[in-house]
Every structure is written in structure tokens, then in C-alpha cells.
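S.K.: Following this line is query05.txt, made up of compact mmCIF, C-alpha atoms:
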# COMPACT_ATOMS: atom_id res chain seq x y z
CA MET A 11 -20.43 -40.37 13.44
CA THR A 12 -23.67 -38.89 14.78
CA THR A 13 -24.55 -35.49 13.35
CA LEU A 14 -25.40 -33.01 16.08
CA PRO A 15 -28.34 -30.62 15.84
CA GLN A 16 -27.47 -27.10 14.76
CA THR A 17 -29.53 -25.43 17.48
CA ASN A 18 -29.85 -25.65 21.23
CA GLN A 19 -33.20 -25.37 23.00
CA GLN A 20 -33.13 -23.62 26.37
CA PHE A 21 -35.46 -22.41 29.09
CA ARG A 22 -34.61 -18.85 30.12
CA LEU A 23 -36.00 -16.89 33.06
CA ALA A 24 -38.38 -14.33 31.55
CA ALA A 25 -39.73 -12.73 34.74
CA ARG A 26 -39.38 -13.19 38.48
CA PRO A 27 -42.30 -15.14 39.94
CA VAL A 28 -44.63 -14.06 42.71
CA GLY A 29 -45.75 -17.22 44.44
CA LEU A 30 -45.63 -20.36 42.33
CA PRO A 31 -43.85 -20.03 38.96
CA THR A 32 -46.14 -19.90 35.96
CA ALA A 33 -45.67 -20.22 32.19
CA ASP A 34 -45.16 -16.44 32.03
CA ASN A 35 -41.92 -16.79 33.98
CA TRP A 36 -40.24 -18.81 31.22
CA GLN A 37 -39.05 -18.27 27.69
CA LEU A 38 -38.33 -21.31 25.53
CA ALA A 39 -35.50 -20.11 23.33
CA SER A 40 -33.43 -21.62 20.55
CA GLU A 41 -29.91 -20.55 19.67
CA PRO A 42 -27.33 -21.86 17.18
CA LEU A 43 -24.52 -24.08 18.39
CA ALA A 44 -21.31 -22.13 17.89
CA PRO A 45 -18.05 -23.85 16.89
CA LEU A 46 -15.87 -24.92 19.81
CA LEU A 47 -12.90 -22.83 20.87
CA GLU A 48 -9.64 -24.37 22.05
CA GLY A 49 -10.03 -25.84 25.53
CA GLU A 50 -13.81 -26.13 25.27
CA VAL A 51 -16.12 -29.12 25.26
CA ARG A 52 -19.72 -29.61 24.25
CA VAL A 53 -21.93 -31.74 26.49
CA GLN A 54 -25.25 -33.21 25.48
CA VAL A 55 -27.40 -32.96 28.58
CA LEU A 56 -29.05 -36.28 29.40
CA TYR A 57 -30.63 -35.64 32.80
CA LEU A 58 -31.27 -32.52 34.88
CA SER A 59 -31.75 -32.26 38.62
CA LEU A 60 -34.88 -30.35 39.65
CA ASP A 61 -34.53 -29.06 43.20
CA PRO A 62 -36.51 -26.84 45.59
CA ALA A 63 -33.53 -24.47 45.72
CA MET A 64 -34.28 -23.48 42.13
CA ARG A 65 -37.26 -21.46 43.38
CA GLY A 66 -34.94 -19.36 45.55
CA TRP A 67 -32.52 -18.78 42.66
CA MET A 68 -35.36 -17.14 40.74
CA ASN A 69 -35.72 -14.40 43.36
CA GLU A 70 -33.77 -11.17 43.32
CA GLY A 71 -31.83 -10.41 46.47
CA LYS A 72 -28.84 -11.47 48.53
CA SER A 73 -28.43 -15.19 49.04
CA TYR A 74 -25.71 -17.85 49.20
CA ILE A 75 -25.55 -17.78 45.39
CA ARG A 76 -26.37 -15.02 42.94
CA PRO A 77 -29.88 -15.06 41.49
CA VAL A 78 -30.52 -16.21 37.95
CA ALA A 79 -30.65 -13.07 35.80
CA ILE A 80 -33.63 -12.19 33.64
CA GLY A 81 -32.96 -13.64 30.18
CA GLU A 82 -30.42 -16.16 31.53
CA VAL A 83 -30.68 -19.93 31.04
CA MET A 84 -32.24 -21.34 34.19
CA ARG A 85 -29.61 -22.78 36.50
CA ALA A 86 -29.72 -26.54 37.07
CA GLY A 87 -27.27 -29.32 37.77
CA GLY A 88 -27.11 -32.17 35.32
CA VAL A 89 -25.29 -35.13 33.88
CA GLY A 90 -24.48 -35.68 30.24
CA VAL A 91 -22.04 -37.00 27.70
CA VAL A 92 -19.23 -35.18 25.90
CA VAL A 93 -20.10 -35.03 22.20
CA GLU A 94 -17.34 -32.65 21.03
CA SER A 95 -14.02 -31.81 22.66
CA LYS A 96 -11.10 -29.49 22.14
CA SER A 97 -9.82 -30.17 25.65
CA PRO A 98 -7.05 -32.64 26.48
CA ASP A 99 -8.84 -33.47 29.74
CA PHE A 100 -12.13 -34.74 28.28
CA ALA A 101 -12.79 -37.14 25.42
CA VAL A 102 -15.89 -37.70 23.35
CA GLY A 103 -17.97 -40.28 25.17
CA ASP A 104 -16.96 -39.23 28.69
CA HIS A 105 -19.88 -38.96 31.08
CA VAL A 106 -19.75 -35.76 33.12
CA GLY A 107 -21.69 -33.75 35.67
CA GLY A 108 -21.91 -30.01 36.08
CA ALA A 109 -24.11 -26.93 36.29
CA PHE A 110 -25.44 -27.28 32.75
CA GLY A 111 -28.70 -25.33 33.00
CA VAL A 112 -32.09 -26.20 31.56
CA GLN A 113 -31.03 -26.80 27.96
CA GLN A 114 -30.12 -29.53 25.49
CA PHE A 115 -26.39 -28.75 25.19
CA TRP A 116 -23.82 -27.07 27.41
CA THR A 117 -20.67 -25.57 25.90
CA GLY A 118 -17.78 -24.19 27.92
CA ASP A 119 -14.19 -24.48 29.06
CA THR A 120 -12.85 -27.09 31.43
CA LYS A 121 -11.38 -24.97 34.18
CA PRO A 122 -11.14 -26.77 37.55
CA GLY A 123 -14.51 -27.38 39.17
CA GLN A 124 -16.47 -26.79 35.97
CA LEU A 125 -16.97 -30.44 35.05
CA ASN A 126 -16.48 -33.69 36.89
CA LYS A 127 -16.23 -37.12 35.33
CA ILE A 128 -18.76 -39.67 36.54
CA ASP A 129 -18.76 -43.43 36.17
CA PRO A 130 -22.10 -44.96 35.09
CA ARG A 131 -20.76 -48.34 36.20
CA VAL A 132 -20.81 -47.19 39.82
CA ALA A 133 -24.44 -46.06 39.73
CA SER A 134 -27.08 -45.08 37.19
CA LEU A 135 -26.82 -41.59 35.70
CA PRO A 136 -29.95 -40.38 37.56
CA ALA A 137 -28.43 -41.64 40.82
CA TRP A 138 -25.49 -39.30 40.17
CA LEU A 139 -28.04 -36.49 40.56
CA ASN A 140 -29.44 -38.01 43.73
CA ILE A 141 -27.50 -39.95 46.32
CA LEU A 142 -24.15 -39.33 44.56
CA GLY A 143 -25.07 -35.79 43.53
CA MET A 144 -25.91 -32.53 45.24
CA PRO A 145 -28.80 -33.95 47.33
CA GLY A 146 -26.59 -36.74 48.61
CA MET A 147 -23.78 -34.34 49.42
CA THR A 148 -26.25 -32.06 51.21
CA ALA A 149 -27.60 -34.94 53.25
CA TYR A 150 -24.21 -36.39 54.11
CA PHE A 151 -22.46 -33.21 55.21
CA GLY A 152 -25.52 -31.58 56.77
CA LEU A 153 -26.11 -34.64 58.93
CA THR A 154 -22.55 -35.61 59.80
CA GLU A 155 -20.98 -32.15 60.13
CA ILE A 156 -23.85 -30.14 61.63
CA GLY A 157 -26.21 -32.75 63.04
CA GLN A 158 -23.34 -34.83 64.43
CA PRO A 159 -25.54 -37.80 65.38
CA ARG A 160 -24.32 -40.44 67.78
CA ALA A 161 -25.36 -44.08 67.91
CA GLY A 162 -28.55 -44.53 69.88
CA GLU A 163 -29.81 -40.99 69.33
CA THR A 164 -33.13 -40.16 67.69
CA VAL A 165 -32.92 -38.39 64.33
CA VAL A 166 -36.01 -36.86 62.72
CA VAL A 167 -36.02 -35.75 59.08
CA SER A 168 -38.78 -33.95 57.19
CA ALA A 169 -39.52 -34.50 53.49
CA ALA A 170 -38.21 -37.98 54.24
CA ALA A 171 -39.17 -39.44 50.85
CA GLY A 172 -37.50 -36.61 48.99
CA ALA A 173 -33.99 -36.52 47.57
CA VAL A 174 -32.18 -35.11 50.60
CA GLY A 175 -34.38 -36.66 53.26
CA MET A 176 -34.09 -40.24 52.04
CA THR A 177 -30.31 -40.08 52.19
CA VAL A 178 -30.26 -38.34 55.57
CA GLY A 179 -32.30 -41.12 57.11
CA GLN A 180 -30.30 -43.92 55.53
CA VAL A 181 -26.97 -42.43 56.60
CA ALA A 182 -28.32 -41.96 60.13
CA LYS A 183 -29.26 -45.66 60.21
CA GLN A 184 -25.73 -46.56 59.14
CA LEU A 185 -24.54 -44.56 62.17
CA GLY A 186 -26.72 -46.55 64.55
CA CYS A 187 -29.46 -43.99 65.14
CA ARG A 188 -33.20 -44.35 65.58
CA VAL A 189 -34.69 -42.56 62.56
CA VAL A 190 -38.18 -41.09 62.24
CA GLY A 191 -39.28 -39.56 58.95
CA ILE A 192 -42.03 -37.09 58.17
CA ALA A 193 -43.60 -37.46 54.70
CA GLY A 194 -46.85 -36.87 52.86
CA GLY A 195 -49.18 -39.80 52.24
CA PRO A 196 -49.28 -43.50 53.16
CA ASP A 197 -47.33 -44.64 50.09
CA LYS A 198 -44.38 -42.41 50.87
CA CYS A 199 -44.43 -43.32 54.55
CA ARG A 200 -44.58 -47.02 53.70
CA PHE A 201 -41.62 -46.61 51.32
CA VAL A 202 -39.58 -44.77 53.93
CA VAL A 203 -40.06 -47.52 56.51
CA GLU A 204 -40.20 -50.68 54.39
CA GLU A 205 -37.71 -49.81 51.65
CA LEU A 206 -35.32 -47.32 53.27
CA GLY A 207 -35.29 -48.84 56.74
CA PHE A 208 -36.50 -45.90 58.84
CA ASP A 209 -37.90 -46.91 62.23
CA ALA A 210 -41.12 -44.94 61.74
CA CYS A 211 -42.71 -42.30 59.54
CA ILE A 212 -45.33 -39.64 60.36
CA ASP A 213 -47.81 -38.72 57.64
CA TYR A 214 -48.18 -34.95 57.85
CA LYS A 215 -51.19 -35.06 55.53
CA GLU A 216 -53.12 -36.80 58.29
CA GLY A 217 -52.32 -33.90 60.64
CA ALA A 218 -51.49 -34.55 64.29
CA ILE A 219 -47.75 -34.14 63.75
CA ALA A 220 -47.24 -33.41 67.45
CA ALA A 221 -49.03 -36.63 68.39
CA GLY A 222 -46.93 -38.59 65.91
CA LEU A 223 -43.72 -37.18 67.34
CA LYS A 224 -44.85 -38.02 70.86
CA GLN A 225 -45.63 -41.59 69.78
CA HIS A 226 -42.51 -42.28 67.74
CA CYS A 227 -40.00 -40.14 69.67
CA PRO A 228 -40.92 -40.97 73.29
CA GLN A 229 -37.42 -40.04 74.44
CA GLY A 230 -37.42 -36.77 72.50
CA VAL A 231 -35.46 -35.64 69.44
CA ASP A 232 -31.68 -35.31 69.41
CA VAL A 233 -31.17 -34.28 65.76
CA TYR A 234 -33.70 -32.71 63.41
CA PHE A 235 -32.88 -32.30 59.73
CA ASP A 236 -35.33 -29.68 58.44
CA ASN A 237 -36.30 -29.47 54.79
CA VAL A 238 -39.71 -27.82 55.13
CA GLY A 239 -39.89 -25.19 57.88
CA GLY A 240 -43.25 -23.81 59.04
CA GLU A 241 -45.56 -25.84 61.27
CA ILE A 242 -43.44 -28.98 61.14
CA LEU A 243 -40.36 -27.15 62.41
CA ASP A 244 -42.41 -25.75 65.30
CA ALA A 245 -43.77 -29.19 66.17
CA VAL A 246 -40.28 -30.73 66.31
CA LEU A 247 -38.86 -27.86 68.35
CA ALA A 248 -41.44 -28.70 71.00
CA ARG A 249 -39.91 -32.21 71.33
CA ILE A 250 -36.15 -31.56 71.25
CA ASN A 251 -33.79 -32.81 73.92
CA LEU A 252 -31.04 -31.09 75.84
CA LYS A 253 -28.19 -30.14 73.48
CA ALA A 254 -30.22 -31.09 70.40
CA ARG A 255 -28.95 -30.08 66.95
CA ILE A 256 -31.28 -28.70 64.29
CA VAL A 257 -29.98 -28.61 60.71
CA ILE A 258 -31.69 -25.96 58.57
CA CYS A 259 -31.35 -27.27 55.03
CA GLY A 260 -34.49 -25.88 53.41
CA ALA A 261 -38.00 -24.57 53.96
CA ILE A 262 -40.03 -25.75 50.99
CA SER A 263 -43.29 -24.88 52.75
CA GLN A 264 -42.27 -21.22 52.58
CA TYR A 265 -40.67 -20.82 49.15
CA ASN A 266 -43.78 -19.73 47.28
CA ASN A 267 -45.23 -17.52 50.00
CA THR A 268 -46.47 -14.12 48.92
CA ALA A 269 -46.44 -13.04 52.58
CA PRO A 270 -43.29 -12.84 54.75
CA VAL A 271 -41.59 -16.14 55.57
CA ARG A 272 -42.92 -17.68 58.75
CA GLY A 273 -40.21 -18.07 61.36
CA PRO A 274 -40.17 -20.60 64.19
CA ALA A 275 -42.64 -19.74 66.95
CA ASN A 276 -41.07 -22.26 69.33
CA TYR A 277 -37.55 -20.88 69.07
CA LEU A 278 -37.32 -20.43 72.86
CA SER A 279 -37.06 -24.21 73.05
CA LEU A 280 -33.50 -23.70 71.79
CA LEU A 281 -32.80 -21.62 74.90
CA VAL A 282 -34.49 -23.97 77.35
CA ASN A 283 -32.70 -27.01 75.91
CA ARG A 284 -29.39 -25.27 75.17
CA ALA A 285 -29.85 -26.54 71.64
CA ARG A 286 -28.22 -25.41 68.40
CA MET A 287 -29.89 -24.50 65.10
CA GLU A 288 -27.55 -24.02 62.16
CA GLY A 289 -28.03 -23.50 58.45
CA MET A 290 -26.05 -25.41 55.86
CA VAL A 291 -25.09 -24.79 52.24
CA VAL A 292 -23.60 -27.76 50.46
CA PHE A 293 -21.09 -25.72 48.44
CA ASP A 294 -19.11 -25.15 51.65
CA TYR A 295 -18.03 -28.80 51.47
CA ALA A 296 -17.17 -28.97 47.76
CA ASP A 297 -13.55 -29.97 48.33
CA ARG A 298 -14.73 -33.05 50.24
CA TYR A 299 -17.37 -34.34 47.83
CA PRO A 300 -15.15 -37.25 46.72
CA VAL A 301 -15.04 -38.52 50.31
CA ALA A 302 -18.82 -38.61 50.53
CA VAL A 303 -19.20 -40.13 47.05
CA ALA A 304 -16.80 -42.93 47.96
CA GLU A 305 -18.67 -43.75 51.18
CA LEU A 306 -22.17 -43.52 49.73
CA SER A 307 -21.31 -45.49 46.58
CA GLY A 308 -19.88 -48.18 48.84
CA TYR A 309 -23.20 -48.40 50.69
CA LEU A 310 -25.03 -48.63 47.35
CA LYS A 311 -22.78 -51.42 46.11
CA GLN A 312 -23.23 -53.35 49.35
CA GLY A 313 -27.02 -52.95 49.20
CA ARG A 314 -27.06 -51.00 52.46
CA MET A 315 -28.61 -47.90 50.89
CA LYS A 316 -31.02 -47.16 48.04
CA SER A 317 -31.50 -44.32 45.58
CA LYS A 318 -34.98 -43.60 44.19
CA GLU A 319 -35.60 -41.18 41.33
CA ASP A 320 -38.82 -39.79 39.87
CA ILE A 321 -37.93 -39.31 36.19
CA VAL A 322 -40.02 -37.19 33.82
CA ALA A 323 -39.10 -37.15 30.13
CA GLY A 324 -38.97 -34.13 27.85
CA LEU A 325 -37.24 -30.76 28.10
CA ASP A 326 -40.47 -29.05 27.06
CA SER A 327 -42.19 -30.35 30.21
CA PHE A 328 -39.82 -28.43 32.49
CA PRO A 329 -42.23 -25.70 33.73
CA GLU A 330 -44.91 -28.18 34.73
CA THR A 331 -42.47 -30.77 36.07
CA LEU A 332 -40.78 -28.22 38.35
CA LEU A 333 -44.11 -27.60 40.09
CA LYS A 334 -44.24 -31.24 41.23
CA LEU A 335 -41.73 -30.25 43.90
CA PHE A 336 -44.12 -27.79 45.49
CA ASN A 337 -47.33 -29.80 45.44
CA GLY A 338 -45.81 -33.03 46.74
CA GLN A 339 -46.34 -35.00 43.53
CA ASN A 340 -42.77 -36.21 43.15
CA PHE A 341 -41.86 -39.52 44.75
CA GLY A 342 -38.10 -39.58 45.18
CA LYS A 343 -35.54 -37.33 43.55
CA LEU A 344 -37.17 -35.34 40.75
CA VAL A 345 -35.16 -35.70 37.53
CA LEU A 346 -35.90 -34.31 34.08
CA GLN A 347 -34.77 -36.57 31.23
CA VAL A 348 -33.60 -34.36 28.38
CA ALA A 349 -32.21 -37.05 26.05
CA GLN A 350 -31.45 -40.76 26.03
I'd like the structure from this file rewritten - as C-alpha cells, please.
M.R.:
Amino acid sequence: MTTLPQTNQQFRLAARPVGLPTADNWQLASEPLAPLLEGEVRVQVLYLSLDPAMRGWMNEGKSYIRPVAIGEVMRAGGVGVVVESKSPDFAVGDHVGGAFGVQQFWTGDTKPGQLNKIDPRVASLPAWLNILGMPGMTAYFGLTEIGQPRAGETVVVSAAAGAVGMTVGQVAKQLGCRVVGIAGGPDKCRFVVEELGFDACIDYKEGAIAAGLKQHCPQGVDVYFDNVGGEILDAVLARINLKARIVICGAISQYNNTAPVRGPANYLSLLVNRARMEGMVVFDYADRYPVAVAELSGYLKQGRMKSKEDIVAGLDSFPETLLKLFNGQNFGKLVLQVAQ
């Protein structure tokens, strides 16, 4: 039997950031592992999902989820393995997913919704944080429920090589749509077209986004799945069709602003085109996650969709690794490997 460590390393929020997070915003703490109570399990965290939303959780103020408190373990979704159990519902060796936080071990009870069993035979553990995890659920429900694409329509998605964007585009292709991505750099654009099957990809780092949209969306845009906000949102709004649907999933270009968030300058295009712009929060669809997992895992098994992860090893690298999200360095879903 493997002997567990006696302590648990954690990253706690030490101060609220202004702009990009720095080392001063984090405290690397160590606390003893307490004995389990009845009904509890202990999970060794293997992989953590690093997401743009984490930057918003660090801010104080009203949002769709309460902010991470000062001194609290930083919130993060993860997958791991049960290493101790006093719960009849989970056995040692079970692979599970949950909101484990940025730490080596998670300990807690097994009330409904706290943990979910995952099957590493269906997909790799990192893929359970990507296409079969929160990004995949966000993409699936944001596109199908709010975007409501129909076969033959043109779907545009920003941050197309990122975790949410890659799944949005692939699902849209399964639905018979023409799909145009927006991504940063020739390698990402090439991946989006050649590996994921998008019809085209616009490199925003080359500028001329409006020209790219005109070239690749000659009939206009029916659905736009927005992950970045700012200038790119404005450029797409200038190309939308009558009754277009705009899904507001995120605005990564604005998360580290020290000035007020930039809103859409072209919002009157919504009026002219009788279009709809709607925000989405994935937690609203939690009771239907199994439906999406079943469909997406089927596509994976059939080779009709792909899941790409950018894995960085080492809990101690968390502060620097998180910043990859905001400077465009990650290629695919950013995952922190905590243990093997």
C-alpha cells in the first residue's frame, strides 16, 4: 500500500490582482492532511484545468459565482484518483472529477454534485478537462442552445484553437455548418483548418480581421461564438446577417484591463439585423452534462472530433502557467499536471 504524504501543498489567493496576476497575488501554503471523517473521501489531484474564467473569480464583486476569498485555495476544476475513502459511493482507485482547487489533495464529503466518476477508458484524463469537461460543456450548450445553428449557416468562433473554441467549431461541422475560426498565429490557424476541419481561419495577429471576415464569410455571419470581446467582437458585428445569434461566452481580451471593460461599438448592428446577443454560463446546464458527454465521447470514439491539450507539469509552476492563457502561449486546452 502506498504511503500518502502527511502534508498538502496549495496555492491560496493572497491579494486581488490589478491587471495581470503576479507572484504577489499567491501564497504557496502547506497544511497537514487530517484524518477522514465518515462519508468523506480523499482525492489525489492528477490534472487541473486552467481557464480564463479563473481571472474573473479573483475579482471582488457580483458575478455568476462568488469570488475566491482572500486566503482561500484558488478555485479550479480537476481530475484525480481516490486514495482514501470512508464513503460507500467511492472506492480507492476510482477516477473522479470535481472542483478540487489548486492543490495536491482534495478532501471532502460526497454529497450529490460534489464528485463525478470518470472513465479513463473513454478518453484520456486531460480530455476529461477539455472536450468532456467544462470547456466541452460550455461549447456544446452555448452553441446548440443559444447559437442554435442550422445546416448551411456560417458559424464564426474566436479563440478557435482554445479549449472552448475548438469544440464549438467541431460541433458546428457535425451540424452541417460552414465554420470560420479566428486564432492567433499561422500554426494555430493551420491546426484549426487541417486538424479540426474548419473551413477557414483568420489570423488576428496579422490584423485585417474585417478583410478576413469579408473573404471567408461572403454571405455574412449567422452565428458568432465570442470568447474574446473587444475589437474582434466589433468586427464580427459588422458582418452579421438578419436574425443572427451572438453567444457571449467570454471576453479574454478584457479580463486584465485596468481601465473599464470595452463594450461593443457596433451594437446597433443588432438592431438593424434584428439579431440576438445572449450570455451563457455553463452551470445552467449542469443537469444535462451527461447528454453532452455521451454525444461528444461518441464523436471522439468515431474519430469525428479531436481533443488537444497543452499540458504543463508541476504544481509549483501554476502562477506562471496561468499567464499562458492571457498572452496566447497555450496551444489547446491548458492543463496543469499535478501528479502522475
S.K.: Kindly indicate which residue among A:Leu346, A:Val55, A:Leu142, A:Ala79 lies nearest to Tyr299 in chain A, using only C-alpha atoms for the distances.
M.R.: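 Once distances to Tyr299 in chain A are computed over only C-alpha atoms, the minimum belongs to A:Leu142.
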S.K.: Please measure the separation of CA of Gly108 in chain A and CA of Val202 in chain A, giving the value in Å to one decimal.
M.R.: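 Separating CA of Gly108 in chain A from CA of Val202 in chain A is a distance of 29.1 Å.
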S.K.: Counting all atoms listed in the file, figure out which residue out of A:Ala304, A:Ala349, A:Ile141, A:Ile250 gets nearest to Ala323 in chain A.
M.R.: A:Ala349
S.K.: Could you tell me how far CA of Gly207 in chain A sits from CA of Val181 in chain A, in Å to one decimal place?
M.R.: 10.5 Å
S.K.: So that I can check the surroundings of Ser59 in chain A, please list as a ChimeraX atom specification every protein, DNA and RNA residue that reaches within 10 Å of it, counting all atoms listed in the file and ignoring chain neighbours fewer than 4 positions away.
M.R.: /A:64,85-89,109-112,136,138-140,143-145,321,332,343-347
S.K.: What are the closest atom pairs, with distances in Å to one decimal, for each residue of range 237-343 of chain A lying within 7 Å of range 160-171 of chain A, using only C-alpha atoms, rows by chain and rising residue number, as a tab-separated table?
M.R.:
residue	atom	partner	partner_atom	distance
A:Asn237	CA	A:Ser168	CA	5.7
A:Val238	CA	A:Ser168	CA	6.5
A:Phe341	CA	A:Ala171	CA	6.7
A:Gly342	CA	A:Ala171	CA	5.8
S.K.: With all atoms listed in the file as the basis for distance, which of A:Gly186, A:Ala245, A:Phe151, A:Val233 is at the shortest distance from Arg298 in chain A?
M.R.: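 Closest residue, counting all atoms listed in the file: A:Phe151.
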S.K.: Quick check, in Å to one decimal: how far apart do CA of Gln54 in chain A and CA of Val93 in chain A lie?
M.R.: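 CA of Val93 in chain A lies at a distance of 6.4 Å from CA of Gln54 in chain A.
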S.K.: Find the residues around range 195-199 of chain A up to 7 Å (all atoms listed in the file counted), leave out those fewer than 5 positions away in its own chain, and share them as a list in words.
M.R.: Ala171, Cys211, Ile212, Asp213 and Lys215 of chain A
